[in-house]
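Structure file data13.pdb (PDB, C-alpha atoms) is printed below.
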ATOM      1  CA  MET A1082     116.085 121.353  78.892  1.00  0.00           C
ATOM      2  CA  ASN A1083     116.886 120.317  75.312  1.00  0.00           C
ATOM      3  CA  PHE A1084     116.300 116.827  73.877  1.00  0.00           C
ATOM      4  CA  GLU A1085     119.890 115.617  74.264  1.00  0.00           C
ATOM      5  CA  SER A1086     120.035 116.769  77.880  1.00  0.00           C
ATOM      6  CA  ALA A1087     116.690 115.125  78.597  1.00  0.00           C
ATOM      7  CA  VAL A1088     117.912 111.814  77.156  1.00  0.00           C
ATOM      8  CA  GLY A1089     121.146 112.033  79.140  1.00  0.00           C
ATOM      9  CA  PHE A1090     119.364 112.772  82.387  1.00  0.00           C
ATOM     10  CA  GLY A1091     116.833 110.049  81.577  1.00  0.00           C
ATOM     11  CA  TRP A1092     119.556 107.429  81.306  1.00  0.00           C
ATOM     12  CA  PHE A1093     121.122 108.774  84.495  1.00  0.00           C
ATOM     13  CA  ILE A1094     117.839 108.241  86.331  1.00  0.00           C
ATOM     14  CA  LEU A1095     117.341 104.765  84.874  1.00  0.00           C
ATOM     15  CA  SER A1096     120.828 103.809  86.039  1.00  0.00           C
ATOM     16  CA  GLY A1097     119.279 103.678  89.500  1.00  0.00           C
ATOM     17  CA  THR A1098     117.071 100.777  88.387  1.00  0.00           C
ATOM     18  CA  TRP A1099     119.814  98.247  89.199  1.00  0.00           C
ATOM     19  CA  ALA A1100     119.996  99.388  92.824  1.00  0.00           C
ATOM     20  CA  THR A1101     116.196  99.335  93.056  1.00  0.00           C
ATOM     21  CA  LEU A1102     116.089  95.787  91.683  1.00  0.00           C
ATOM     22  CA  GLN A1103     118.818  94.657  94.082  1.00  0.00           C
ATOM     23  CA  LEU A1104     116.958  96.099  97.044  1.00  0.00           C
ATOM     24  CA  THR A1105     113.669  94.586  95.869  1.00  0.00           C
ATOM     25  CA  VAL A1106     114.945  91.069  95.177  1.00  0.00           C
ATOM     26  CA  PHE A1107     117.106  90.641  98.274  1.00  0.00           C
ATOM     27  CA  SER A1108     114.592  92.342 100.587  1.00  0.00           C
ATOM     28  CA  CYS A1109     111.797  90.106  99.266  1.00  0.00           C
ATOM     29  CA  LEU A1110     113.921  86.982  99.766  1.00  0.00           C
ATOM     30  CA  LEU A1111     114.787  87.991 103.330  1.00  0.00           C
ATOM     31  CA  ALA A1112     111.163  88.910 104.042  1.00  0.00           C
ATOM     32  CA  LEU A1113     109.975  85.567 102.638  1.00  0.00           C
ATOM     33  CA  VAL A1114     112.336  83.545 104.827  1.00  0.00           C
ATOM     34  CA  LEU A1115     111.498  85.561 107.943  1.00  0.00           C
ATOM     35  CA  ALA A1116     107.770  85.466 107.212  1.00  0.00           C
ATOM     36  CA  MET A1117     107.756  81.671 106.849  1.00  0.00           C
ATOM     37  CA  LEU A1118     109.797  81.127 110.022  1.00  0.00           C
ATOM     38  CA  ALA A1119     107.849  83.677 112.048  1.00  0.00           C
ATOM     39  CA  GLY A1120     104.474  82.557 110.686  1.00  0.00           C
ATOM     40  CA  ILE A1121     105.200  78.945 111.583  1.00  0.00           C
ATOM     41  CA  GLY A1122     106.495  80.126 114.950  1.00  0.00           C
ATOM     42  CA  LEU A1123     103.176  81.837 115.653  1.00  0.00           C
ATOM     43  CA  THR A1124     101.374  78.509 115.211  1.00  0.00           C
ATOM     44  CA  THR A1125     103.677  76.385 117.369  1.00  0.00           C
ATOM     45  CA  GLN A1126     102.685  74.996 120.736  1.00  0.00           C
ATOM     46  CA  SER A1127     105.713  76.582 122.445  1.00  0.00           C
ATOM     47  CA  VAL A1128     104.647  79.641 124.410  1.00  0.00           C
ATOM     48  CA  PHE A1129     108.230  80.933 124.491  1.00  0.00           C
ATOM     49  CA  VAL A1130     108.558  80.775 120.699  1.00  0.00           C
ATOM     50  CA  ARG A1131     105.186  82.459 120.170  1.00  0.00           C
ATOM     51  CA  ILE A1132     106.066  85.293 122.551  1.00  0.00           C
ATOM     52  CA  ALA A1133     109.489  85.822 120.905  1.00  0.00           C
ATOM     53  CA  VAL A1134     108.009  85.853 117.410  1.00  0.00           C
ATOM     54  CA  ARG A1135     105.092  88.073 118.431  1.00  0.00           C
ATOM     55  CA  THR A1136     107.563  90.556 119.930  1.00  0.00           C
ATOM     56  CA  TYR A1137     109.468  90.720 116.627  1.00  0.00           C
ATOM     57  CA  VAL A1138     106.263  91.135 114.617  1.00  0.00           C
ATOM     58  CA  GLU A1139     104.843  93.907 116.792  1.00  0.00           C
ATOM     59  CA  ILE A1140     108.110  95.848 116.954  1.00  0.00           C
ATOM     60  CA  PHE A1141     108.641  95.902 113.214  1.00  0.00           C
ATOM     61  CA  ARG A1142     104.982  96.446 112.333  1.00  0.00           C
ATOM     62  CA  GLY A1143     104.580  99.112 114.988  1.00  0.00           C
ATOM     63  CA  THR A1144     107.589 101.272 114.114  1.00  0.00           C
ATOM     64  CA  SER A1145     108.350 103.250 110.980  1.00  0.00           C
ATOM     65  CA  VAL A1146     110.528 101.700 108.292  1.00  0.00           C
ATOM     66  CA  PHE A1147     112.397 105.030 108.266  1.00  0.00           C
ATOM     67  CA  VAL A1148     113.424 104.476 111.891  1.00  0.00           C
ATOM     68  CA  GLN A1149     114.400 100.881 111.130  1.00  0.00           C
ATOM     69  CA  LEU A1150     116.479 102.007 108.148  1.00  0.00           C
ATOM     70  CA  PHE A1151     118.328 104.667 110.136  1.00  0.00           C
ATOM     71  CA  ALA A1152     118.892 102.195 112.979  1.00  0.00           C
ATOM     72  CA  ALA A1153     120.417  99.662 110.563  1.00  0.00           C
ATOM     73  CA  PHE A1154     122.715 102.248 108.981  1.00  0.00           C
ATOM     74  CA  PHE A1155     123.604 104.601 111.849  1.00  0.00           C
ATOM     75  CA  VAL A1156     123.036 102.655 115.089  1.00  0.00           C
ATOM     76  CA  LEU A1157     124.379  99.172 114.322  1.00  0.00           C
ATOM     77  CA  PRO A1158     127.964 100.490 113.847  1.00  0.00           C
ATOM     78  CA  PHE A1159     127.944 101.416 117.560  1.00  0.00           C
ATOM     79  CA  VAL A1160     127.667  97.704 118.394  1.00  0.00           C
ATOM     80  CA  GLY A1161     130.319  96.705 115.875  1.00  0.00           C
ATOM     81  CA  ILE A1162     128.079  95.911 112.884  1.00  0.00           C
ATOM     82  CA  SER A1163     128.808  98.146 109.906  1.00  0.00           C
ATOM     83  CA  LEU A1164     126.636  97.693 106.833  1.00  0.00           C
ATOM     84  CA  THR A1165     126.756  99.286 103.406  1.00  0.00           C
ATOM     85  CA  PRO A1166     123.762 101.437 102.397  1.00  0.00           C
ATOM     86  CA  ILE A1167     122.430  98.604 100.214  1.00  0.00           C
ATOM     87  CA  GLN A1168     122.820  96.060 103.010  1.00  0.00           C
ATOM     88  CA  SER A1169     121.107  98.406 105.468  1.00  0.00           C
ATOM     89  CA  GLY A1170     118.218  98.884 103.081  1.00  0.00           C
ATOM     90  CA  VAL A1171     117.824  95.144 102.530  1.00  0.00           C
ATOM     91  CA  LEU A1172     117.934  94.457 106.272  1.00  0.00           C
ATOM     92  CA  ALA A1173     115.366  97.121 107.175  1.00  0.00           C
ATOM     93  CA  LEU A1174     112.974  96.321 104.328  1.00  0.00           C
ATOM     94  CA  GLY A1175     113.372  92.576 104.832  1.00  0.00           C
ATOM     95  CA  LEU A1176     112.710  92.711 108.565  1.00  0.00           C
ATOM     96  CA  ASN A1177     109.747  95.014 108.044  1.00  0.00           C
ATOM     97  CA  GLY A1178     108.267  92.908 105.258  1.00  0.00           C
ATOM     98  CA  GLY A1179     108.851  89.708 107.181  1.00  0.00           C
ATOM     99  CA  ALA A1180     106.849  91.042 110.135  1.00  0.00           C
ATOM    100  CA  TYR A1181     103.848  91.738 107.902  1.00  0.00           C
ATOM    101  CA  GLY A1182     104.302  88.473 106.023  1.00  0.00           C
ATOM    102  CA  ALA A1183     104.333  86.465 109.249  1.00  0.00           C
ATOM    103  CA  GLU A1184     100.654  87.232 109.807  1.00  0.00           C
ATOM    104  CA  VAL A1185      99.904  86.134 106.246  1.00  0.00           C
ATOM    105  CA  VAL A1186     101.628  82.798 106.851  1.00  0.00           C
ATOM    106  CA  ARG A1187      99.916  82.302 110.206  1.00  0.00           C
ATOM    107  CA  ALA A1188      96.478  83.001 108.752  1.00  0.00           C
ATOM    108  CA  ALA A1189      97.072  80.718 105.760  1.00  0.00           C
ATOM    109  CA  ILE A1190      98.224  77.824 107.952  1.00  0.00           C
ATOM    110  CA  ASN A1191      95.220  78.218 110.235  1.00  0.00           C
ATOM    111  CA  ALA A1192      92.917  78.348 107.188  1.00  0.00           C
ATOM    112  CA  VAL A1193      93.805  74.810 106.107  1.00  0.00           C
ATOM    113  CA  GLY A1194      90.841  72.594 106.966  1.00  0.00           C
ATOM    114  CA  ARG A1195      90.745  70.539 110.142  1.00  0.00           C
ATOM    115  CA  ASP A1196      89.946  67.442 108.090  1.00  0.00           C
ATOM    116  CA  GLN A1197      93.369  67.734 106.473  1.00  0.00           C
ATOM    117  CA  ARG A1198      95.052  67.776 109.875  1.00  0.00           C
ATOM    118  CA  GLU A1199      92.968  64.827 111.062  1.00  0.00           C
ATOM    119  CA  ALA A1200      94.011  62.908 107.973  1.00  0.00           C
ATOM    120  CA  THR A1201      97.672  63.412 108.882  1.00  0.00           C
ATOM    121  CA  ILE A1202      96.999  61.958 112.321  1.00  0.00           C
ATOM    122  CA  ALA A1203      95.361  58.939 110.700  1.00  0.00           C
ATOM    123  CA  LEU A1204      98.480  58.524 108.547  1.00  0.00           C
ATOM    124  CA  ASN A1205     100.618  58.663 111.705  1.00  0.00           C
ATOM    125  CA  LEU A1206     102.591  61.691 110.501  1.00  0.00           C
ATOM    126  CA  THR A1207     104.503  63.761 113.016  1.00  0.00           C
ATOM    127  CA  ARG A1208     103.479  67.394 113.450  1.00  0.00           C
ATOM    128  CA  TRP A1209     106.398  68.620 111.354  1.00  0.00           C
ATOM    129  CA  GLN A1210     105.796  66.023 108.638  1.00  0.00           C
ATOM    130  CA  ALA A1211     102.157  67.092 108.489  1.00  0.00           C
ATOM    131  CA  LEU A1212     103.163  70.736 108.284  1.00  0.00           C
ATOM    132  CA  TRP A1213     105.732  70.170 105.522  1.00  0.00           C
ATOM    133  CA  TRP A1214     103.887  67.656 103.356  1.00  0.00           C
ATOM    134  CA  VAL A1215     100.224  68.535 103.860  1.00  0.00           C
ATOM    135  CA  VAL A1216      99.553  71.915 105.457  1.00  0.00           C
ATOM    136  CA  LEU A1217     102.178  74.169 103.870  1.00  0.00           C
ATOM    137  CA  PRO A1218     101.572  73.089 100.235  1.00  0.00           C
ATOM    138  CA  GLN A1219      97.926  74.074 100.629  1.00  0.00           C
ATOM    139  CA  ALA A1220      98.681  77.195 102.662  1.00  0.00           C
ATOM    140  CA  VAL A1221     101.131  78.507 100.051  1.00  0.00           C
ATOM    141  CA  VAL A1222      98.296  78.913  97.546  1.00  0.00           C
ATOM    142  CA  LEU A1223      96.448  81.079 100.072  1.00  0.00           C
ATOM    143  CA  MET A1224      99.563  83.123 100.846  1.00  0.00           C
ATOM    144  CA  LEU A1225     100.548  84.024  97.290  1.00  0.00           C
ATOM    145  CA  PRO A1226      98.137  86.924  96.592  1.00  0.00           C
ATOM    146  CA  SER A1227      99.098  88.639  99.840  1.00  0.00           C
ATOM    147  CA  PHE A1228     102.783  87.934  99.258  1.00  0.00           C
ATOM    148  CA  GLY A1229     102.414  89.529  95.822  1.00  0.00           C
ATOM    149  CA  ASN A1230     101.039  92.687  97.413  1.00  0.00           C
ATOM    150  CA  LEU A1231     103.813  92.603 100.009  1.00  0.00           C
ATOM    151  CA  ALA A1232     106.491  92.304  97.297  1.00  0.00           C
ATOM    152  CA  ILE A1233     105.088  95.369  95.539  1.00  0.00           C
ATOM    153  CA  GLU A1234     105.028  97.297  98.820  1.00  0.00           C
ATOM    154  CA  ILE A1235     108.664  96.357  99.432  1.00  0.00           C
ATOM    155  CA  MET A1236     109.560  97.469  95.898  1.00  0.00           C
ATOM    156  CA  LYS A1237     107.913 100.846  96.456  1.00  0.00           C
ATOM    157  CA  GLY A1238     109.532 101.058  99.880  1.00  0.00           C
ATOM    158  CA  THR A1239     112.994 100.899  98.313  1.00  0.00           C
ATOM    159  CA  ALA A1240     112.619 104.651  97.753  1.00  0.00           C
ATOM    160  CA  VAL A1241     113.401 105.223 101.447  1.00  0.00           C
ATOM    161  CA  ALA A1242     116.932 103.933 100.815  1.00  0.00           C
ATOM    162  CA  SER A1243     117.612 107.228  99.032  1.00  0.00           C
ATOM    163  CA  LEU A1244     117.774 108.762 102.521  1.00  0.00           C
ATOM    164  CA  ILE A1245     120.986 106.851 103.210  1.00  0.00           C
ATOM    165  CA  THR A1246     122.528 107.683  99.809  1.00  0.00           C
ATOM    166  CA  VAL A1247     121.597 104.531  97.887  1.00  0.00           C
ATOM    167  CA  SER A1248     121.616 105.589  94.237  1.00  0.00           C
ATOM    168  CA  GLU A1249     118.287 103.976  93.380  1.00  0.00           C
ATOM    169  CA  LEU A1250     115.556 105.458  91.189  1.00  0.00           C
ATOM    170  CA  THR A1251     114.246 108.057  93.620  1.00  0.00           C
ATOM    171  CA  PHE A1252     117.745 109.210  94.588  1.00  0.00           C
ATOM    172  CA  GLN A1253     118.677 109.649  90.924  1.00  0.00           C
ATOM    173  CA  ALA A1254     115.450 111.535  90.202  1.00  0.00           C
ATOM    174  CA  GLN A1255     116.049 113.862  93.132  1.00  0.00           C
ATOM    175  CA  THR A1256     119.590 114.498  91.882  1.00  0.00           C
ATOM    176  CA  VAL A1257     118.300 115.453  88.427  1.00  0.00           C
ATOM    177  CA  ARG A1258     115.613 117.677  89.933  1.00  0.00           C
ATOM    178  CA  ALA A1259     118.232 119.479  92.032  1.00  0.00           C
ATOM    179  CA  GLN A1260     120.493 120.021  89.026  1.00  0.00           C
ATOM    180  CA  THR A1261     117.851 121.054  86.463  1.00  0.00           C
ATOM    181  CA  GLY A1262     114.946 122.364  88.495  1.00  0.00           C
ATOM    182  CA  ASP A1263     112.679 120.101  86.441  1.00  0.00           C
ATOM    183  CA  THR A1264     110.301 118.005  88.543  1.00  0.00           C
ATOM    184  CA  ALA A1265     107.895 116.571  85.973  1.00  0.00           C
ATOM    185  CA  MET A1266     110.290 114.598  83.763  1.00  0.00           C
ATOM    186  CA  PRO A1267     112.341 112.769  86.428  1.00  0.00           C
ATOM    187  CA  PHE A1268     109.413 111.797  88.613  1.00  0.00           C
ATOM    188  CA  LEU A1269     107.192 110.812  85.693  1.00  0.00           C
ATOM    189  CA  LEU A1270     110.009 108.568  84.485  1.00  0.00           C
ATOM    190  CA  ILE A1271     110.483 106.810  87.811  1.00  0.00           C
ATOM    191  CA  MET A1272     106.710 106.457  88.220  1.00  0.00           C
ATOM    192  CA  VAL A1273     106.551 104.558  84.918  1.00  0.00           C
ATOM    193  CA  THR A1274     109.594 102.476  85.901  1.00  0.00           C
ATOM    194  CA  TYR A1275     108.087 101.532  89.264  1.00  0.00           C
ATOM    195  CA  LEU A1276     104.859 100.609  87.473  1.00  0.00           C
ATOM    196  CA  LEU A1277     106.723  98.327  85.062  1.00  0.00           C
ATOM    197  CA  ILE A1278     108.568  96.579  87.892  1.00  0.00           C
ATOM    198  CA  ALA A1279     105.282  96.135  89.785  1.00  0.00           C
ATOM    199  CA  SER A1280     103.688  94.660  86.654  1.00  0.00           C
ATOM    200  CA  VAL A1281     106.485  92.092  86.372  1.00  0.00           C
ATOM    201  CA  LEU A1282     106.089  91.150  90.040  1.00  0.00           C
ATOM    202  CA  THR A1283     102.330  90.817  89.623  1.00  0.00           C
ATOM    203  CA  SER A1284     102.693  88.608  86.545  1.00  0.00           C
ATOM    204  CA  PHE A1285     105.228  86.403  88.347  1.00  0.00           C
ATOM    205  CA  VAL A1286     102.971  85.942  91.372  1.00  0.00           C
ATOM    206  CA  ARG A1287      99.982  85.105  89.145  1.00  0.00           C
ATOM    207  CA  TRP A1288     102.097  82.491  87.379  1.00  0.00           C
ATOM    208  CA  LEU A1289     102.998  81.011  90.770  1.00  0.00           C
ATOM    209  CA  GLU A1290      99.324  80.967  91.756  1.00  0.00           C
ATOM    210  CA  ARG A1291      98.430  78.990  88.625  1.00  0.00           C
ATOM    211  CA  ARG A1292     101.388  76.652  89.083  1.00  0.00           C
ATOM    212  CA  PHE A1293     100.764  75.880  92.746  1.00  0.00           C
ATOM    213  CA  GLY A1294      96.995  75.867  92.243  1.00  0.00           C
ATOM    214  CA  ARG A1295      97.254  73.077  89.663  1.00  0.00           C
ATOM    215  CA  GLY A1296      99.458  71.085  91.995  1.00  0.00           C
ATOM    216  CA  ILE A1297      96.930  71.268  94.827  1.00  0.00           C
ATOM    217  CA  VAL A1298      94.065  70.341  92.510  1.00  0.00           C
ATOM    218  CA  ASN A1299      96.000  67.305  91.261  1.00  0.00           C
ATOM    219  CA  VAL A1300      96.768  66.188  94.823  1.00  0.00           C
ATOM    220  CA  ASN A1301      93.143  66.518  95.885  1.00  0.00           C
ATOM    221  CA  VAL A1302      91.945  64.588  92.840  1.00  0.00           C
TER     222      VAL A1302
END
Using C-alpha cells, write down the structure from this file.
Amino acid sequence: MNFESAVGFGWFILSGTWATLQLTVFSCLLALVLAMLAGIGLTTQSVFVRIAVRTYVEIFRGTSVFVQLFAAFFVLPFVGISLTPIQSGVLALGLNGGAYGAEVVRAAINAVGRDQREATIALNLTRWQALWWVVLPQAVVLMLPSFGNLAIEIMKGTAVASLITVSELTFQAQTVRAQTGDTAMPFLLIMVTYLLIASVLTSFVRWLERRFGRGIVNVNV
C-alpha cells in the first residue's frame, strides 16, 4: 500500500468516528437516565417496583449485549417497532449500560451516612425531598468514578454495532482490511482513536468529580 492509498484509507476509517461518537453519547445518556431511575427504584420501599427493576437489571446484565443488539434490530420489527442500525445500537448499549449503572446508583445512595438521613427527618423533609436535596447530591460524587468506567465500556462496546452494518470505526477498519488485506494499519488506527476518545471521557469525568466534590465540601462546611 503506497502513502497516498494509506492516507485515503486512513481518512475512510476515521469517517466512522462520527457514528462511534453518536453511539457513545446517546447510549451514555440513555444509560444514565435508566441507571438513575433503576437505582432509585432499587432503594424504594415498594416491593413491586424493586422486583420490576431487579428483573430488568438481571436480564440485561445476564445476557450478552450481542443478543440484545440483534433483538433490537431483528426481533423488534416483528412487533411493529422498526429501528435504524444506529437507533438499535443506542437502545441495546443504553439498556445494557443502564442495568450495570443501576447497581452503582443503588450502592452510592446506600453509602450516604445515616446521620444525613436523620437530619432530613429533623428538618421535616419528605422522603423524595430528602433524596433530591440531600442524598443524591452526595451520592453523585460516589457514582462518578464508576460512571466514568461505564462510559468507557459503552464507548468500546460501540464496536458491536458493526455487526448490524453501522459504519463506525470497527466497521470501517474491517472494510479496509477486506479490500487491502492489511490488518496492522486499520486496527492500529482505530486503537489510537478509541484511546483518544477514552482519554476525553476520562478527563471529563475527572472534571465533574472536582466540580461536584467542591460543591459537597462547601455544603458540609
Review point. Applied to the shown file, which residues does the PyMOL selection byres ((chain A and resi 1176) around 10) return, written as a ChimeraX atom specification?
Key: /A:1108-1109,1111-1116,1137-1138,1141-1142,1146,1149,1170-1175,1177-1182
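Considering all atoms listed in the file, the residue among A:Ala1232, A:Ile1140, A:Ala1087, A:Ile1202 positioned nearest to Phe1285 (chain A) is A:Ala1232.
With all atoms listed in the file as the basis for measurement, A:Gln1219 is the residue among A:Thr1098, A:Gln1126, A:Gln1219, A:Gln1210 that approaches Gly1194 (chain A) most closely.
In terms of minimum interatomic distance to Gly1120 (chain A), A:Val1186 ranks closest within A:Val1186, A:Val1257, A:Ala1242, A:Met1236, counting all atoms listed in the file.
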Review point. Got a sec: who's within 10 Å of Val1247 (chain A), counting all atoms listed in the file, leaving out chain neighbours fewer than 4 positions off, as a ChimeraX atom specification?
Key: /A:1097,1100-1101,1104,1165-1170,1239-1243,1251-1253
Practice item. For Leu1095 (chain A), work out the shell of residues within 12 Å, counting only C-alpha atoms and skipping chain neighbours fewer than 3 positions away, then give it as a PyMOL selection string. Key: chain A and resi 1088-1092+1098-1102+1248-1254+1257+1267-1275
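Proximity to Leu1150 (chain A) was assessed for A:Val1221, A:Leu1204, A:Leu1244, A:Ala1279 counting all atoms listed in the file; the smallest distance is recorded for A:Leu1244.
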Enclose all atoms of region 1171-1178 of chain A listed in the file in an axis-aligned box, grow every side by 4 Å, and hand back centre and edge lengths in Å to one decimal, as lines of an AutoDock Vina configuration file.
center_x = 113.1
center_y = 94.8
center_z = 105.5
size_x = 17.7
size_y = 12.5
size_z = 14.0
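Among the candidates A:Leu1110, A:Val1193, A:Leu1118, A:Leu1276, the one nearest to Val1215 (chain A) when counting all atoms listed in the file is A:Val1193.
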